[in-house]
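Engineer: Structure supplied as upload.txt; contents: compact mmCIF, C-alpha atoms.
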```txt
# COMPACT_ATOMS: atom_id res chain seq x y z
CA MET T 1 6.79 0.16 5.43
CA SER T 2 8.72 1.53 2.51
CA GLN T 3 7.47 4.54 0.61
CA PHE T 4 6.90 4.20 -3.13
CA THR T 5 10.03 2.12 -3.54
CA VAL T 6 9.44 0.86 -7.08
CA SER T 7 9.99 3.01 -10.18
CA ARG T 8 8.88 2.66 -13.80
CA ARG T 9 12.43 1.53 -14.65
CA ASP T 10 12.10 -1.27 -12.09
CA PHE T 11 8.93 -2.41 -13.76
CA MET T 12 10.55 -2.45 -17.17
CA ARG T 13 13.13 -4.82 -15.71
CA THR T 14 10.32 -6.86 -14.18
CA ALA T 15 8.52 -7.08 -17.51
CA ALA T 16 11.66 -8.35 -19.20
CA ALA T 17 12.32 -10.86 -16.45
CA ILE T 18 8.91 -12.44 -16.87
CA SER T 19 8.66 -12.51 -20.63
CA ALA T 20 7.66 -16.16 -20.34
CA VAL T 21 4.56 -15.06 -18.47
CA ALA T 22 3.58 -12.68 -21.24
CA ALA T 23 4.04 -15.55 -23.67
CA GLY T 24 1.44 -17.55 -21.80
CA GLN T 25 3.70 -19.84 -19.78
CA THR T 26 2.22 -18.80 -16.44
CA LEU T 27 2.76 -20.95 -13.38
CA VAL T 28 -0.13 -21.01 -10.91
CA SER T 29 1.08 -20.96 -7.36
CA ILE T 30 -1.65 -22.35 -5.12
CA GLN T 31 -0.75 -25.78 -3.87
CA PRO T 32 -3.97 -27.83 -3.71
CA ALA T 33 -5.20 -29.31 -0.48
CA GLY T 34 -4.62 -32.96 0.20
CA ALA T 35 -6.97 -35.26 2.06
CA ALA T 36 -5.87 -33.88 5.42
CA SER T 37 -4.02 -30.69 4.54
CA PRO T 38 -5.14 -27.18 3.55
CA ALA T 39 -4.37 -25.47 0.25
CA LYS T 40 -1.24 -23.35 0.59
CA VAL T 41 -1.41 -19.69 -0.42
CA ARG T 42 1.83 -17.66 -0.67
CA MET T 43 1.63 -13.88 -0.20
CA GLN T 44 4.63 -11.87 -1.39
CA LEU T 45 5.41 -8.62 0.40
CA GLY T 46 6.75 -5.57 -1.38
CA TRP T 47 9.07 -4.86 1.54
CA LEU T 48 10.00 -6.20 4.96
CA ALA T 49 7.34 -7.36 7.40
CA SER T 50 5.61 -4.55 9.31
CA ASN T 51 2.35 -3.64 11.05
CA GLY T 52 0.76 -3.65 7.60
CA LEU T 53 0.36 -7.39 8.28
CA LEU T 54 -1.60 -7.13 11.51
CA GLY T 55 -4.73 -8.66 10.04
CA GLU T 56 -2.88 -11.50 8.40
CA VAL T 57 -0.91 -12.61 11.45
CA VAL T 58 -4.06 -12.41 13.59
CA ALA T 59 -5.99 -14.47 11.03
CA MET T 60 -3.22 -17.07 11.05
CA LYS T 61 -3.15 -17.23 14.86
CA LYS T 62 -6.93 -17.38 15.23
CA GLY T 63 -7.38 -20.05 12.58
CA PHE T 64 -9.37 -17.92 10.15
CA TYR T 65 -7.43 -19.23 7.15
CA ALA T 66 -7.81 -22.79 8.36
CA GLU T 67 -11.57 -22.24 8.49
CA GLN T 68 -11.38 -21.52 4.77
CA GLY T 69 -9.29 -24.62 4.08
CA LEU T 70 -6.17 -22.53 3.54
CA GLU T 71 -2.67 -22.11 4.91
CA LEU T 72 -1.06 -18.70 4.40
CA GLU T 73 2.68 -18.31 3.94
CA ILE T 74 4.02 -14.73 4.09
CA VAL T 75 7.08 -14.16 1.88
CA PRO T 76 9.14 -11.09 2.95
CA GLY T 77 10.37 -8.60 0.39
CA GLY T 78 13.31 -6.24 0.65
CA PRO T 79 15.69 -4.04 -1.32
CA ASN T 80 16.92 -6.91 -3.49
CA VAL T 81 13.58 -8.68 -3.93
CA ASP T 82 11.31 -8.02 -6.92
CA GLY T 83 8.01 -9.00 -5.36
CA VAL T 84 5.94 -8.14 -8.42
CA ALA T 85 8.00 -10.51 -10.58
CA GLY T 86 7.55 -13.24 -7.97
CA VAL T 87 3.78 -12.96 -8.15
CA ALA T 88 3.64 -12.47 -11.92
CA SER T 89 5.76 -15.59 -12.54
CA GLY T 90 3.56 -17.74 -10.31
CA GLN T 91 6.02 -18.17 -7.44
CA SER T 92 3.47 -16.55 -5.11
CA THR T 93 -0.31 -16.52 -5.24
CA LEU T 94 -0.76 -12.85 -4.49
CA GLY T 95 1.17 -9.89 -3.18
CA GLN T 96 0.87 -6.82 -0.99
CA ILE T 97 2.56 -3.63 -2.19
CA SER T 98 2.82 -0.27 -0.47
CA SER T 99 1.16 1.97 -3.05
CA SER T 100 -1.36 1.73 -5.85
CA PRO T 101 0.78 3.42 -8.57
CA SER T 102 3.03 0.37 -8.52
CA ILE T 103 0.15 -1.71 -9.89
CA MET T 104 -0.64 0.81 -12.63
CA LEU T 105 2.97 1.11 -13.75
CA ALA T 106 3.43 -2.66 -13.78
CA ARG T 107 0.35 -3.22 -15.89
CA GLY T 108 1.35 -0.45 -18.24
CA ALA T 109 4.69 -2.25 -18.69
CA GLY T 110 2.94 -5.48 -19.63
CA VAL T 111 3.01 -7.30 -16.27
CA PRO T 112 -0.25 -9.35 -15.96
CA ILE T 113 -1.28 -8.33 -12.43
CA LYS T 114 -4.43 -6.73 -11.02
CA ALA T 115 -5.34 -5.13 -7.71
CA ILE T 116 -7.98 -7.04 -5.76
CA ALA T 117 -8.28 -5.02 -2.52
CA ALA T 118 -7.02 -1.90 -0.76
CA GLY T 119 -5.74 -2.55 2.74
CA TYR T 120 -5.66 1.16 3.57
CA GLN T 121 -8.49 3.33 2.29
CA LYS T 122 -6.37 6.47 2.34
CA HIS T 123 -2.66 6.61 1.74
CA PRO T 124 -0.72 7.68 4.88
CA TYR T 125 1.91 9.54 2.81
CA ALA T 126 2.23 13.13 4.00
CA TYR T 127 4.35 16.28 3.99
CA PHE T 128 5.46 17.39 7.46
CA SER T 129 6.32 20.97 8.35
CA ARG T 130 6.69 23.16 11.46
CA LYS T 131 4.05 25.43 12.96
CA GLY T 132 6.36 28.42 12.52
CA LYS T 133 6.43 27.86 8.73
CA PRO T 134 3.37 25.68 8.14
CA ILE T 135 2.59 23.99 4.84
CA ARG T 136 -1.11 23.23 4.95
CA SER T 137 -1.73 23.24 1.18
CA ALA T 138 0.15 22.92 -2.07
CA GLN T 139 0.04 26.70 -2.45
CA ASP T 140 1.98 26.99 0.81
CA MET T 141 4.89 25.18 -0.87
CA ILE T 142 5.63 28.16 -3.10
CA GLY T 143 9.04 29.54 -2.15
CA LYS T 144 9.70 26.65 0.26
CA THR T 145 12.24 23.83 0.30
CA VAL T 146 10.67 20.37 0.25
CA ALA T 147 12.81 17.30 0.96
CA ILE T 148 11.69 14.02 -0.61
CA GLN T 149 13.06 10.59 -1.44
CA PRO T 150 13.79 10.27 -5.18
CA THR T 151 10.89 7.86 -5.59
CA GLY T 152 8.53 10.55 -4.25
CA ALA T 153 9.34 12.97 -7.06
CA ILE T 154 6.39 11.91 -9.22
CA LEU T 155 4.05 12.31 -6.24
CA LEU T 156 5.17 15.87 -5.65
CA ARG T 157 4.86 16.64 -9.36
CA ALA T 158 1.32 15.24 -9.34
CA LEU T 159 0.46 17.25 -6.23
CA LEU T 160 1.74 20.51 -7.71
CA ALA T 161 0.05 19.90 -11.07
CA ARG T 162 -3.25 19.08 -9.41
CA ASN T 163 -3.13 22.37 -7.49
CA ASN T 164 -1.76 24.56 -10.33
CA VAL T 165 1.55 25.28 -8.58
CA PRO T 166 4.49 25.71 -11.02
CA GLU T 167 7.28 23.23 -10.24
CA ASP T 168 9.93 25.95 -10.51
CA LYS T 169 8.32 27.78 -7.58
CA VAL T 170 9.29 24.96 -5.18
CA LYS T 171 12.85 24.00 -4.26
CA ILE T 172 13.11 20.21 -4.18
CA VAL T 173 15.97 18.41 -2.41
CA ASN T 174 16.66 14.77 -1.58
CA MET T 175 16.28 13.32 1.90
CA GLY T 176 17.15 10.07 3.61
CA ALA T 177 14.97 7.89 5.80
CA ASP T 178 14.72 10.28 8.76
CA MET T 179 13.29 13.74 9.44
CA ASN T 180 16.63 15.41 10.18
CA GLN T 181 16.42 18.10 7.48
CA LEU T 182 13.23 19.50 8.99
CA VAL T 183 14.67 19.38 12.50
CA THR T 184 17.79 21.29 11.45
CA GLY T 185 15.93 23.77 9.27
CA GLN T 186 17.57 22.63 6.04
CA ALA T 187 14.11 21.97 4.61
CA ASP T 188 10.67 23.45 5.24
CA ALA T 189 8.98 20.09 4.73
CA VAL T 190 9.89 16.41 4.71
CA VAL T 191 7.85 13.36 3.73
CA GLY T 192 6.83 10.11 5.37
CA TRP T 193 3.93 7.94 6.44
CA ILE T 194 1.73 9.24 9.26
CA THR T 195 1.57 5.68 10.58
CA ASN T 196 5.35 5.66 11.14
CA THR T 197 5.07 7.00 14.68
CA ASN T 198 8.65 6.05 15.55
CA ALA T 199 10.16 8.27 12.86
CA LEU T 200 7.82 11.14 13.70
CA LYS T 201 8.72 11.25 17.40
CA VAL T 202 11.67 13.53 16.66
CA LEU T 203 9.27 16.24 15.47
CA GLY T 204 7.22 16.26 18.67
CA ASP T 205 4.03 18.31 18.82
CA ASP T 206 5.47 21.11 16.67
CA ARG T 207 4.26 19.41 13.51
CA VAL T 208 1.86 20.26 10.68
CA ASP T 209 0.67 17.43 8.43
CA LEU T 210 -0.40 17.78 4.80
CA MET T 211 -1.64 14.42 3.55
CA LEU T 212 -1.22 13.69 -0.13
CA TRP T 213 -4.81 12.42 -0.15
CA ASP T 214 -6.20 15.68 1.25
CA ALA T 215 -4.25 17.65 -1.37
CA GLY T 216 -6.06 15.85 -4.17
CA ILE T 217 -3.82 12.86 -5.02
CA GLN T 218 -5.90 10.01 -3.66
CA LEU T 219 -3.87 6.81 -3.76
CA TYR T 220 -4.51 3.51 -2.02
CA ALA T 221 -1.92 1.91 0.25
CA ASN T 222 -1.18 -1.70 1.20
CA VAL T 223 -2.72 -2.85 -2.05
CA TYR T 224 -3.27 -6.56 -2.60
CA TYR T 225 -2.82 -7.92 -6.10
CA THR T 226 -2.71 -11.18 -8.02
CA THR T 227 -2.40 -12.35 -11.62
CA ASP T 228 -4.97 -12.81 -14.34
CA ALA T 229 -4.20 -16.54 -14.24
CA GLU T 230 -4.86 -16.87 -10.51
CA LEU T 231 -8.14 -14.98 -10.85
CA ALA T 232 -9.25 -17.33 -13.60
CA LYS T 233 -8.13 -20.60 -12.03
CA HIS T 234 -8.45 -20.08 -8.26
CA PRO T 235 -11.35 -17.72 -7.49
CA LYS T 236 -12.50 -19.91 -4.57
CA GLU T 237 -9.11 -19.85 -2.85
CA LEU T 238 -8.71 -16.10 -3.39
CA SER T 239 -12.17 -15.51 -1.93
CA GLY T 240 -11.30 -17.69 1.06
CA TRP T 241 -8.10 -15.72 1.57
CA MET T 242 -10.02 -12.43 1.37
CA ALA T 243 -12.69 -13.53 3.84
CA ALA T 244 -10.12 -14.73 6.39
CA THR T 245 -7.96 -11.63 6.00
CA ALA T 246 -10.95 -9.34 6.50
CA LYS T 247 -11.83 -11.21 9.71
CA GLY T 248 -8.24 -10.89 10.87
CA TRP T 249 -8.22 -7.13 10.36
CA GLY T 250 -11.57 -6.78 12.10
CA TYR T 251 -10.31 -8.76 15.07
CA ALA T 252 -7.11 -6.70 15.21
CA ARG T 253 -9.11 -3.47 15.26
CA ASP T 254 -11.29 -4.71 18.11
CA HIS T 255 -8.48 -6.34 20.14
CA GLN T 256 -5.52 -4.05 19.55
CA ALA T 257 -3.25 -5.06 22.41
CA GLU T 258 -3.69 -8.75 21.63
CA ALA T 259 -3.07 -8.08 17.92
CA VAL T 260 0.18 -6.25 18.63
CA GLY T 261 1.27 -9.11 20.85
CA ILE T 262 0.66 -11.57 18.01
CA LEU T 263 2.51 -9.31 15.57
CA VAL T 264 5.59 -9.00 17.76
CA ASP T 265 5.59 -12.72 18.55
CA THR T 266 5.53 -13.40 14.81
CA PHE T 267 8.17 -10.79 13.95
CA PRO T 268 10.39 -10.34 17.06
CA ASN T 269 12.42 -7.58 15.41
CA LEU T 270 9.45 -5.22 15.85
CA ASP T 271 9.21 -3.13 19.03
CA LYS T 272 6.05 -3.74 21.03
CA ALA T 273 5.81 -0.27 22.59
CA SER T 274 6.21 1.41 19.21
CA GLU T 275 3.63 -0.86 17.62
CA MET T 276 1.14 -0.07 20.39
CA GLU T 277 1.57 3.62 19.61
CA ALA T 278 1.13 3.03 15.90
CA ILE T 279 -1.90 0.74 15.87
CA GLY T 280 -4.46 3.44 16.69
CA PRO T 281 -3.44 5.78 13.83
CA LEU T 282 -3.01 2.80 11.51
CA MET T 283 -6.57 1.55 12.02
CA LYS T 284 -7.93 4.93 10.89
CA PHE T 285 -6.51 4.16 7.44
CA ALA T 286 -7.72 0.56 7.33
CA PHE T 287 -11.24 1.45 8.45
CA ASN T 288 -13.29 4.57 7.69
CA GLU T 289 -16.68 5.66 6.37
CA THR T 290 -16.09 3.74 3.14
CA THR T 291 -15.52 0.44 4.91
CA LYS T 292 -18.60 0.98 7.07
CA SER T 293 -20.74 0.65 3.97
CA ALA T 294 -18.57 -1.37 1.57
CA GLY T 295 -16.50 -3.49 3.98
CA TRP T 296 -12.79 -3.96 4.66
CA GLY T 297 -10.59 -3.81 1.57
CA ALA T 298 -13.03 -1.79 -0.53
CA MET T 299 -11.90 0.21 -3.55
CA THR T 300 -13.67 1.93 -6.43
CA LYS T 301 -13.23 2.10 -10.19
CA ASP T 302 -13.63 5.88 -10.09
CA ASN T 303 -10.67 6.26 -7.76
CA TRP T 304 -8.49 4.04 -9.93
CA ALA T 305 -9.54 5.97 -13.04
CA ALA T 306 -8.46 9.24 -11.42
CA GLN T 307 -5.10 7.77 -10.47
CA ILE T 308 -4.48 6.48 -13.98
CA LYS T 309 -5.35 9.88 -15.44
CA SER T 310 -2.97 11.70 -13.09
CA TYR T 311 -0.07 9.45 -14.05
CA ALA T 312 -0.95 9.50 -17.75
CA ASP T 313 -1.08 13.31 -17.74
CA LEU T 314 2.46 13.34 -16.33
CA GLY T 315 3.73 10.95 -19.01
CA GLN T 316 4.48 8.03 -16.69
CA PHE T 317 3.20 5.32 -19.04
CA LYS T 318 5.77 4.93 -21.80
CA ASP T 319 4.37 1.74 -23.38
CA LYS T 320 0.62 1.79 -22.83
CA VAL T 321 -1.86 3.64 -20.65
CA PRO T 322 -3.73 0.85 -18.88
CA THR T 323 -7.49 0.90 -18.44
CA VAL T 324 -9.25 0.59 -15.11
CA ASP T 325 -10.19 -3.00 -15.94
CA ASP T 326 -6.53 -3.70 -16.72
CA VAL T 327 -5.32 -2.63 -13.28
CA MET T 328 -8.06 -3.75 -10.90
CA THR T 329 -10.99 -6.09 -10.41
CA LEU T 330 -13.85 -6.09 -7.92
CA SER T 331 -14.55 -9.81 -8.40
CA VAL T 332 -12.94 -11.04 -5.17
CA LEU T 333 -14.38 -8.17 -3.15
CA ASP T 334 -17.86 -8.85 -4.55
CA ALA T 335 -17.58 -12.57 -3.76
CA THR T 336 -16.83 -11.78 -0.10
CA ALA T 337 -19.05 -8.73 0.40
CA ASP T 338 -21.15 -10.20 3.21
CA ILE T 339 -18.28 -11.21 5.47
CA ARG T 340 -16.23 -8.09 4.73
CA LYS T 341 -19.12 -5.80 5.61
CA GLN T 342 -19.42 -7.55 8.97
CA VAL T 343 -16.00 -6.15 9.92
CA GLY T 344 -16.22 -2.82 8.06
```
Can you dump the structure from the file as structure tokens?
Structural biologist:
Amino acid sequence: MSQFTVSRRDFMRTAAAISAVAAGQTLVSIQPAGAASPAKVRMQLGWLASNGLLGEVVAMKKGFYAEQGLELEIVPGGPNVDGVAGVASGQSTLGQISSSPSIMLARGAGVPIKAIAAGYQKHPYAYFSRKGKPIRSAQDMIGKTVAIQPTGAILLRALLARNNVPEDKVKIVNMGADMNQLVTGQADAVVGWITNTNALKVLGDDRVDLMLWDAGIQLYANVYYTTDAELAKHPKELSGWMAATAKGWGYARDHQAEAVGILVDTFPNLDKASEMEAIGPLMKFAFNETTKSAGWGAMTKDNWAAQIKSYADLGQFKDKVPTVDDVMTLSVLDATADIRKQVG
């Protein structure tokens, strides 16, 4: 899973590319069911296929979408794919994107999309350090060197601002996709997703984790979103998709080895042993105390409001600061509350 791969500049390009959508020429992507065929729903990924799709591939294999009269098609993303534009233009019904700020920035740039569910209740993004020089809080970053990807700069700024740490007290350097700078001592902390167990193996047990969430920046991950037009015209199909996906994630949690087998069969480029190591930590983000009461996929307006405020305070919305109702809706979650709570 990529980490915060889309910037505000990317969304400005997206907004320009879909000017026809803003002008009201929206295409609606669900292909209606025929007499003997299900309605086809296309889900656009923000990046390449990963274990963030466990619930979906299980639901496909077990026939949960078929029970809802649906057929799900998963459309991979990648470095040269603008998934948000694909959904906004009607090429896909809905999308899954790694991080909630992407939705806020898109809406602020005029892209007519809304979040409908949070696949991970807490974001797995974290700062990793060594026990000899541990970073257990934002205050511990003072005088330290922190290596981040360029797209993580706004997250670090938000973290420092939230904890009253001056930015000039922290040395910030760029990093690649691996943890090498921490291993070699070039940096005191590096970033990544806690669910990426393969990348973290190089650090071994000599590792201290500071989750962005625990430091006060509480983002959602694996966020599902769709357009205003789809919400208005296809609420039944979106509710069917949500119900089946929730069942798929519940089944994957309860039958982890089988779920990994289905995942690897679907995407043979994934390594089965690595996915078996990752599924336990991953499920702790998909299911927690919130889902026990509110069901899989739950999210709150209060959390979204706090996220919007954090980004607005840092000047990230150049056109318009979106409202909570601009960036998210609980309508699909509410319509599927009963079945989602069964697997929470």
Engineer: Set the distance at 9 Å and use only C-alpha atoms: which residues neighbour region 134-142 of chain T once local chain neighbours fewer than 6 positions away are removed? I'd like the list as a list in words.
Structural biologist: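 Counting only the stated atoms, we get Tyr127, Phe128, Leu159, Leu160, Arg162, Asn163, Asn164, Val165, Pro166, Glu167, Asp168, Lys169, Val170, Lys171, Asp188, Ala189, Arg207, Val208, Asp209, Leu210, Met211, Asp214 and Ala215 of chain T.
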Engineer: Between CA of Ala153 (chain T) and CA of Lys122 (chain T), what is the distance in Å, rounded to a tenth?
Structural biologist: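 Straight-line distance from CA of Ala153 (chain T) to CA of Lys122 (chain T) works out to 19.4 Å.
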Engineer: If I take CA of Val327 (chain T) and CA of Gly119 (chain T), how far is one from the other in Å, to one decimal?
Structural biologist: 16.0 Å
Engineer: Given all atoms listed in the file as the basis, pick out the residue of T:Ala158, T:Ala312, T:Leu219, T:Leu45 nearest to Pro79 (chain T).
Structural biologist: T:Leu45
Engineer: Listing only residues of region 100-171 of chain T within 12 Å of region 239-242 of chain T, what is the closest atom pair and its distance in Å (to one decimal) for each, using all atoms listed in the file, sorted by chain and residue number ascending, as JSON lines?
Structural biologist:
```
{"residue": "T:Ile116", "atom": "CA", "partner": "T:Met242", "partner_atom": "CA", "distance": 9.2}
{"residue": "T:Ala117", "atom": "CA", "partner": "T:Met242", "partner_atom": "CA", "distance": 8.5}
{"residue": "T:Ala118", "atom": "CA", "partner": "T:Met242", "partner_atom": "CA", "distance": 11.2}
{"residue": "T:Gly119", "atom": "CA", "partner": "T:Met242", "partner_atom": "CA", "distance": 10.9}
```
Engineer: With all atoms listed in the file as the basis for distance, which of T:Gly297, T:Gly78, T:Gly46, T:Pro235 is at the shortest distance from Ser99 (chain T)?
Structural biologist: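 Of T:Gly297, T:Gly78, T:Gly46, T:Pro235, the one nearest Ser99 (chain T) is T:Gly46, counting all atoms listed in the file.
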Engineer: Determine the nearest neighbour of Ala335 (chain T) from the options T:Ala278, T:Gln307, T:Leu238, T:Met283, counting all atoms listed in the file.
Structural biologist: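 Nearest to Ala335 (chain T): T:Leu238.
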Engineer: Rounded to one decimal in Å, what is the spacing between CA of Asn180 (chain T) and CA of Val202 (chain T)?
Structural biologist: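 CA of Asn180 (chain T) sits 8.4 Å away from CA of Val202 (chain T).
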Engineer: Show me, as an NGL selection string, the residues that have an atom within 9 Å of Gly295 (chain T) when counting all atoms listed in the file, minus same-chain residues fewer than 6 positions from it.
Structural biologist: :T and (246 or 287 or 333 or 337-344)
Engineer: So that I can check the surroundings of Leu53 (chain T), please list as number ranges by chain every protein, DNA and RNA residue that reaches within 10 Å of it, counting all atoms listed in the file and ignoring chain neighbours fewer than 6 positions away.
Structural biologist: T: 45, 59, 74, 96, 119, 222, 245, 248-249, 263
Engineer: From the set T:Val191, T:Ser129, T:Ala306, T:Ala106, which residue has the shortest atom-to-atom contact distance to Ile148 (chain T), counting only C-alpha atoms?
Structural biologist: T:Val191
Engineer: Give the answer as one residue: which of T:Gln121, T:Gly77, T:Gly86, T:Ala39 has the shortest atom-to-atom distance to Thr290 (chain T), using all atoms listed in the file?
Structural biologist: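 Checking each candidate against Thr290 (chain T), we get T:Gln121 as the closest.
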Engineer: Which neighbours of region 224-230 of chain T fall inside 7 Å, counting all atoms listed in the file, when residues of the same chain fewer than 3 positions from it are skipped, and could you give them as a list in words?
Structural biologist: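 Selected residues are Val28, Val87, Ala88, Thr93, Leu94, Gly95, Gln96, Ile97, Pro112, Ile113, Lys114, Ala115, Ile116, Ala117, Ala118, Lys233 and His234 of chain T.
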Engineer: Looking at T:Leu48, T:Val58, T:Leu105, T:Ile172, which one is nearest to Ile308 (chain T), with distances taken over only C-alpha atoms?
Structural biologist: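 Going through T:Leu48, T:Val58, T:Leu105, T:Ile172 one by one, the smallest distance to Ile308 (chain T) is for T:Leu105.
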Engineer: Starting from the block above, write region 170-188 of chain T out to a file with N, CA, C and O atoms, as a compact mmCIF listing (two decimals), in the first residue's frame, please.
Structural biologist:
```txt
# COMPACT_ATOMS: atom_id res chain seq x y z
N VAL T 170 13.53 20.24 14.39
CA VAL T 170 13.62 18.88 13.86
C VAL T 170 14.29 18.93 12.49
O VAL T 170 13.90 19.73 11.64
N LYS T 171 15.30 18.10 12.29
CA LYS T 171 15.94 18.01 10.99
C LYS T 171 15.18 17.00 10.13
O LYS T 171 15.04 15.83 10.51
N ILE T 172 14.70 17.45 8.99
CA ILE T 172 13.88 16.61 8.12
C ILE T 172 14.64 16.30 6.84
O ILE T 172 15.14 17.21 6.17
N VAL T 173 14.76 15.01 6.51
CA VAL T 173 15.43 14.59 5.29
C VAL T 173 14.51 13.65 4.52
O VAL T 173 13.57 13.08 5.07
N ASN T 174 14.77 13.49 3.23
CA ASN T 174 13.99 12.59 2.40
C ASN T 174 14.46 11.15 2.53
O ASN T 174 15.63 10.88 2.79
N MET T 175 13.55 10.23 2.33
CA MET T 175 13.88 8.80 2.33
C MET T 175 13.22 8.14 1.14
O MET T 175 12.31 8.69 0.52
N GLY T 176 13.69 6.93 0.83
CA GLY T 176 13.08 6.14 -0.22
C GLY T 176 12.01 5.22 0.34
O GLY T 176 11.35 5.53 1.32
N ALA T 177 11.87 4.06 -0.27
CA ALA T 177 10.81 3.14 0.13
C ALA T 177 11.23 2.20 1.25
O ALA T 177 10.39 1.50 1.82
N ASP T 178 12.52 2.15 1.59
CA ASP T 178 12.96 1.20 2.61
C ASP T 178 13.39 1.93 3.88
O ASP T 178 13.30 3.15 3.99
N MET T 179 13.86 1.14 4.86
CA MET T 179 14.21 1.67 6.18
C MET T 179 15.71 1.87 6.35
O MET T 179 16.21 2.00 7.46
N ASN T 180 16.45 1.91 5.24
CA ASN T 180 17.90 1.87 5.30
C ASN T 180 18.53 2.99 6.13
O ASN T 180 19.52 2.79 6.82
N GLN T 181 17.94 4.18 6.08
CA GLN T 181 18.55 5.31 6.80
C GLN T 181 18.52 5.14 8.32
O GLN T 181 19.40 5.62 9.02
N LEU T 182 17.53 4.41 8.81
CA LEU T 182 17.50 4.11 10.24
C LEU T 182 18.51 3.01 10.57
O LEU T 182 19.21 3.08 11.59
N VAL T 183 18.61 2.03 9.70
CA VAL T 183 19.55 0.93 9.92
C VAL T 183 20.98 1.44 9.95
O VAL T 183 21.79 1.02 10.79
N THR T 184 21.31 2.37 9.07
CA THR T 184 22.69 2.87 8.98
C THR T 184 22.98 4.02 9.93
O THR T 184 24.12 4.47 10.03
N GLY T 185 21.96 4.51 10.62
CA GLY T 185 22.16 5.61 11.55
C GLY T 185 22.14 6.98 10.91
O GLY T 185 22.42 7.98 11.58
N GLN T 186 21.78 7.06 9.64
CA GLN T 186 21.70 8.36 8.98
C GLN T 186 20.51 9.17 9.46
O GLN T 186 20.48 10.39 9.30
N ALA T 187 19.51 8.49 9.99
CA ALA T 187 18.32 9.15 10.52
C ALA T 187 17.96 8.50 11.85
O ALA T 187 18.28 7.33 12.10
N ASP T 188 17.32 9.28 12.71
CA ASP T 188 16.87 8.77 14.00
C ASP T 188 15.47 8.17 13.92
O ASP T 188 15.05 7.45 14.83
```
